[in-house]
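Peer 1: Structure file work.txt (compact mmCIF, C-alpha atoms) right here:
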```txt
# COMPACT_ATOMS: atom_id res chain seq x y z
CA MET D 1 -92.73 -60.38 15.05
CA THR D 2 -89.56 -60.09 13.20
CA GLY D 3 -86.47 -59.57 15.36
CA ARG D 4 -84.67 -56.26 15.16
CA GLN D 5 -82.02 -56.04 12.62
CA ASN D 6 -78.61 -54.95 13.82
CA HIS D 7 -77.82 -51.65 12.03
CA THR D 8 -74.32 -51.30 13.45
CA PRO D 9 -72.05 -50.41 10.47
CA PHE D 10 -69.64 -53.07 9.33
CA VAL D 11 -66.00 -52.28 10.03
CA SER D 12 -63.43 -54.28 8.14
CA SER D 13 -60.66 -55.73 10.18
CA HIS D 14 -58.25 -54.71 7.42
CA ARG D 15 -58.84 -50.95 7.80
CA PRO D 16 -56.55 -50.34 10.81
CA ARG D 17 -53.74 -52.16 9.02
CA PHE D 18 -54.29 -50.08 5.88
CA MET D 19 -54.20 -46.84 7.87
CA ARG D 20 -51.00 -47.87 9.58
CA LEU D 21 -49.41 -48.63 6.23
CA LEU D 22 -50.61 -45.30 4.83
CA VAL D 23 -49.20 -43.34 7.78
CA ALA D 24 -45.92 -45.23 7.61
CA SER D 25 -45.65 -44.50 3.89
CA ILE D 26 -46.28 -40.79 4.44
CA LEU D 27 -43.71 -40.64 7.23
CA MET D 28 -41.14 -42.45 5.09
CA THR D 29 -41.72 -40.03 2.21
CA LEU D 30 -41.30 -37.04 4.54
CA ALA D 31 -38.11 -38.56 5.93
CA ILE D 32 -36.65 -38.96 2.43
CA ILE D 33 -37.57 -35.36 1.50
CA LEU D 34 -36.09 -33.96 4.71
CA SER D 35 -32.97 -36.08 4.28
CA SER D 36 -32.47 -34.84 0.71
CA GLY D 37 -33.02 -31.25 1.80
CA SER D 38 -30.51 -31.59 4.61
CA ALA D 39 -27.95 -33.11 2.27
CA ALA D 40 -28.48 -30.26 -0.19
CA LEU D 41 -28.09 -27.70 2.58
CA LEU D 42 -24.92 -29.38 3.80
CA THR D 43 -23.54 -29.49 0.27
CA THR D 44 -24.37 -25.82 -0.27
CA ALA D 45 -22.84 -24.84 3.05
CA HIS D 46 -19.70 -26.85 2.26
CA ALA D 47 -19.40 -25.20 -1.16
CA ALA D 48 -19.88 -21.74 0.33
CA SER D 49 -17.26 -22.48 2.98
CA ALA D 50 -14.80 -23.71 0.34
CA ALA D 51 -15.43 -20.65 -1.82
CA GLN D 52 -14.84 -18.33 1.11
CA ALA D 53 -11.64 -20.17 2.03
CA SER D 54 -10.36 -19.87 -1.53
CA THR D 55 -10.82 -16.10 -1.48
CA THR D 56 -9.27 -15.56 1.93
CA LEU D 57 -6.01 -17.44 1.40
CA PRO D 58 -3.09 -15.11 2.22
CA ALA D 59 -1.12 -13.87 -0.77
CA GLN D 60 2.49 -15.01 -0.94
CA ASN D 61 5.04 -12.29 -0.20
CA PHE D 62 8.73 -12.17 -1.07
CA PRO D 63 11.26 -10.29 1.09
CA ILE D 64 13.52 -8.01 -0.93
CA ARG D 65 15.87 -5.10 -0.34
CA VAL D 66 16.09 -1.71 -2.00
CA PHE D 67 19.41 0.13 -2.00
CA PHE D 68 19.35 3.89 -1.48
CA SER D 69 22.05 6.52 -1.22
CA LYS D 70 22.50 8.06 2.22
CA PHE D 71 23.51 11.52 3.32
CA PRO D 72 26.22 12.58 3.94
CA VAL D 73 28.34 9.58 2.92
CA SER D 74 26.97 9.20 -0.64
CA VAL D 75 27.37 12.94 -1.29
CA THR D 76 30.64 13.93 0.35
CA THR D 77 32.66 10.71 0.61
CA ASN D 78 31.69 8.05 -1.93
CA PHE D 79 29.14 8.59 -4.70
CA SER D 80 28.69 4.82 -5.08
CA ALA D 81 27.94 4.12 -1.41
CA VAL D 82 24.46 2.59 -1.08
CA PHE D 83 22.55 1.18 1.87
CA PRO D 84 19.78 -1.46 1.91
CA VAL D 85 16.32 -1.16 3.40
CA ASP D 86 13.90 -4.06 3.75
CA ARG D 87 10.80 -4.31 1.59
CA VAL D 88 8.24 -6.98 0.64
CA SER D 89 7.18 -7.82 -2.91
CA PRO D 90 3.64 -9.19 -3.49
CA THR D 91 4.73 -10.58 -6.86
CA ILE D 92 7.29 -13.15 -7.99
CA ALA D 93 8.64 -10.51 -10.39
CA VAL D 94 10.90 -9.29 -7.59
CA ALA D 95 13.54 -7.59 -9.75
CA ASN D 96 10.99 -5.43 -11.54
CA PHE D 97 9.13 -4.61 -8.33
CA SER D 98 12.32 -3.67 -6.46
CA ILE D 99 13.16 -1.04 -9.10
CA GLN D 100 9.61 0.33 -8.86
CA LEU D 101 10.18 0.74 -5.12
CA LEU D 102 13.55 2.37 -5.75
CA ILE D 103 11.89 4.97 -7.99
CA ALA D 104 9.15 5.48 -5.37
CA GLY D 105 11.88 6.45 -2.93
CA PRO D 106 12.40 5.99 0.80
CA THR D 107 9.69 6.33 3.43
CA LEU D 108 9.40 9.50 5.52
CA SER D 109 11.21 7.92 8.45
CA GLU D 110 13.96 6.69 6.14
CA ARG D 111 14.34 10.17 4.68
CA ASP D 112 14.70 11.54 8.18
CA ALA D 113 17.51 9.01 8.66
CA GLY D 114 19.31 10.34 5.55
CA TYR D 115 18.25 7.84 2.86
CA PHE D 116 17.50 9.30 -0.56
CA THR D 117 17.49 8.68 -4.31
CA GLU D 118 17.56 11.07 -7.23
CA ILE D 119 16.20 8.60 -9.76
CA ASN D 120 12.66 9.90 -9.36
CA THR D 121 13.77 13.49 -10.02
CA ILE D 122 15.58 12.95 -13.34
CA LEU D 123 12.66 11.34 -15.21
CA SER D 124 10.36 13.55 -17.26
CA GLY D 125 8.08 13.52 -20.29
CA PRO D 126 5.91 10.76 -21.73
CA SER D 127 6.80 7.07 -21.61
CA ASN D 128 7.79 5.46 -24.91
CA CYS D 129 7.00 2.04 -23.42
CA SER D 130 3.25 2.58 -23.77
CA SER D 131 0.89 3.38 -26.64
CA LEU D 132 -1.20 5.60 -24.37
CA PRO D 133 -0.77 9.41 -24.59
CA VAL D 134 -0.33 9.62 -20.80
CA GLY D 135 0.97 7.27 -18.14
CA GLY D 136 3.05 4.24 -18.96
CA PRO D 137 5.98 2.63 -17.14
CA ASP D 138 9.15 4.48 -16.15
CA PHE D 139 11.40 1.65 -17.31
CA LYS D 140 11.56 -1.79 -18.85
CA LEU D 141 13.70 -4.59 -17.49
CA MET D 142 15.09 -7.33 -19.70
CA LEU D 143 16.75 -10.35 -18.10
CA ASN D 144 19.61 -12.22 -19.76
CA LYS D 145 20.11 -9.32 -22.17
CA LYS D 146 22.97 -6.88 -22.74
CA GLY D 147 21.06 -4.31 -24.71
CA SER D 148 19.48 -6.26 -27.53
CA VAL D 149 22.05 -9.08 -27.37
CA THR D 150 21.34 -12.24 -25.35
CA GLU D 151 23.79 -12.62 -22.47
CA GLN D 152 23.09 -14.97 -19.58
CA GLY D 153 23.27 -13.32 -16.16
CA THR D 154 23.04 -9.77 -17.50
CA ALA D 155 20.00 -7.57 -16.87
CA THR D 156 19.32 -4.48 -18.96
CA LEU D 157 17.24 -1.67 -17.49
CA GLN D 158 16.17 0.93 -20.02
CA PHE D 159 14.38 4.10 -18.98
CA CYS D 160 11.14 4.83 -20.83
CA ARG D 161 11.20 8.57 -20.07
CA THR D 162 13.73 11.30 -20.80
CA THR D 163 16.50 11.52 -18.20
CA SER D 164 18.04 14.85 -17.18
CA SER D 165 20.89 14.43 -14.72
CA PRO D 166 22.52 17.44 -13.04
CA GLY D 167 25.98 15.87 -12.94
CA VAL D 168 28.34 12.97 -12.51
CA GLY D 169 27.60 12.60 -8.80
CA THR D 170 23.92 11.99 -9.49
CA ASP D 171 24.74 9.60 -12.33
CA ALA D 172 27.09 7.59 -10.12
CA ARG D 173 24.60 7.38 -7.27
CA ILE D 174 21.73 6.26 -9.51
CA LYS D 175 23.87 3.63 -11.22
CA ALA D 176 25.05 2.29 -7.84
CA GLU D 177 21.47 2.13 -6.51
CA VAL D 178 20.11 0.29 -9.55
CA MET D 179 23.01 -2.14 -9.77
CA ALA D 180 22.99 -3.06 -6.08
CA THR D 181 19.20 -3.45 -6.03
CA LEU D 182 19.23 -5.80 -9.02
CA LYS D 183 22.37 -7.75 -8.10
CA GLN D 184 20.81 -8.91 -4.85
CA PHE D 185 19.12 -11.57 -7.00
CA SER D 186 21.35 -14.56 -7.73
CA ASN D 187 20.43 -14.77 -11.42
CA ILE D 188 21.69 -11.23 -12.10
CA LYS D 189 25.48 -10.89 -12.24
CA LYS D 190 25.79 -7.76 -14.38
CA VAL D 191 23.57 -4.73 -14.99
CA VAL D 192 23.36 -2.43 -18.02
CA ILE D 193 21.46 0.86 -17.70
CA LEU D 194 20.24 2.59 -20.86
CA THR D 195 18.57 5.89 -21.59
CA LYS D 196 15.24 6.24 -23.39
CA VAL D 197 17.00 6.27 -26.78
CA GLY D 198 19.25 3.30 -25.97
CA HIS D 199 22.54 4.93 -24.97
CA CYS D 200 24.47 3.97 -21.84
CA PHE D 201 23.24 6.00 -18.90
CA GLY D 202 25.87 8.27 -17.39
CA ASP D 203 28.44 7.51 -20.10
CA ALA D 204 30.20 10.83 -20.62
CA SER D 205 32.44 9.33 -23.31
CA GLY D 206 29.52 8.93 -25.68
CA ARG D 207 30.89 5.55 -26.81
CA ASP D 208 28.28 3.37 -25.06
CA LEU D 209 30.94 1.47 -23.18
CA CYS D 210 28.36 -0.48 -21.16
CA LEU D 211 27.37 -2.34 -24.33
CA LYS D 212 30.91 -3.35 -25.30
```
Output the structure of this file as structure tokens.
Peer 2:
Amino acid sequence: MTGRQNHTPFVSSHRPRFMRLLVASILMTLAIILSSGSAALLTTAHAASAAQASTTLPAQNFPIRVFFSKFPVSVTTNFSAVFPVDRVSPTIAVANFSIQLLIAGPTLSERDAGYFTEINTILSGPSNCSSLPVGGPDFKLMLNKKGSVTEQGTATLQFCRTTSSPGVGTDARIKAEVMATLKQFSNIKKVVILTKVGHCFGDASGRDLCLK
């Protein structure tokens, strides 16, 4: 009688080692993928943070002053008497911005305290400093110019709209306001003010003495 054959399946001694290597390889691959994903997420988060920081940086402001007339002194005592109020310019073009604020006039509380300007009441009509049929700037400011002639330290402000002044008192007050507001800046030593057509503002002689 033939002895029973052993039918127990053969198991290689190398199989457990192979499985361990396979599992280790899979785990290593997953680790690399997760590591790459984390790095990408960190990079994206860093970029988003940098972008947000770049858009939330505070704008630089420049302290300036605007010189207004003040009642009753500038009306009854001295037409050229002007008084400063503090303002802040968001642009480095401080001279230009200060005149814009002068034309805008004093705040309500400043008006209650007697500050005023007539510059915003004498301007009318379209601006000849713009090609558009409406709108356009009220003035143009040229540094280191006396009219069309180059002159270091002189600023020329020319109105772009028609000016209609009621009298010499208004003329004197507006000239004093503009000159004091512009001369606060160290690079401006002299100021020339011209009308829309290029004549000296407030020059009753008609000889354009401000350009001489």
Peer 1: Quick one: everything within 9 Å of D:Ser98, counting all atoms listed in the file, minus sequence neighbours fewer than 4 positions away in the same chain. Send it as a list in words.
Peer 2: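 So, after excluding close chain neighbours, the residues are Ile64, Arg65, Val66, Arg87, Val88, Ser89, Ala93, Val94, Leu102, Ile103, Thr181 and Leu182 of chain D.
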Peer 1: With a distance cut-off of 12 Å and only C-alpha atoms, select the neighbouring residues of D:Arg173, excluding the residue or stretch itself and same-chain residues fewer than 3 positions from it, and output the selection as an MDAnalysis selection string.
Peer 2: chainID D and resid 67:71 73:83 115:119 165:170 176:180 201:202
Peer 1: Record the distance separating atom CA of D:Gln152 and atom CA of D:His199, expressed in Å with one decimal.
Peer 2: 20.6 Å
Peer 1: Would you mind reading off the distance between atom CA of D:Ile122 and atom CA of D:Leu194, one decimal, in Å?
Peer 2: 13.6 Å
Peer 1: As an exercise, work out the distance from atom CA of D:Val191 to atom CA of D:Ser124 in Å and give it to one decimal place.
Peer 2: 22.7 Å
Peer 1: Measuring between only C-alpha atoms, which one of D:Asp138, D:Glu151, D:Asp112, D:Asp86 shows the shortest distance to D:Leu211?
Peer 2: D:Glu151
Peer 1: Rank nothing, just name the residue among D:Gly136, D:Ala95, D:Ile174, D:Ala104 nearest to D:Ser186, using all atoms listed in the file.
Peer 2: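 Looking at the shortest contact to D:Ser186, the residue is D:Ala95.
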Peer 1: Using the file's own x, y and z axes, what box holds all listed atoms of stretch 163-175 of chain D with 8 Å on each side, keeping edges along x, y and z, and what are its centre and edge lengths in Å to one decimal, as AutoDock Vina command-line options?
Peer 2:
```
--center_x 22.4 --center_y 10.5 --center_z -12.7 --size_x 27.8 --size_y 29.8 --size_z 26.9
```
Peer 1: I'd like to know which of D:Phe159, D:Gly198, D:Pro72, D:Pro90 is closest to D:Ala113, using only C-alpha atoms.
Peer 2: D:Pro72
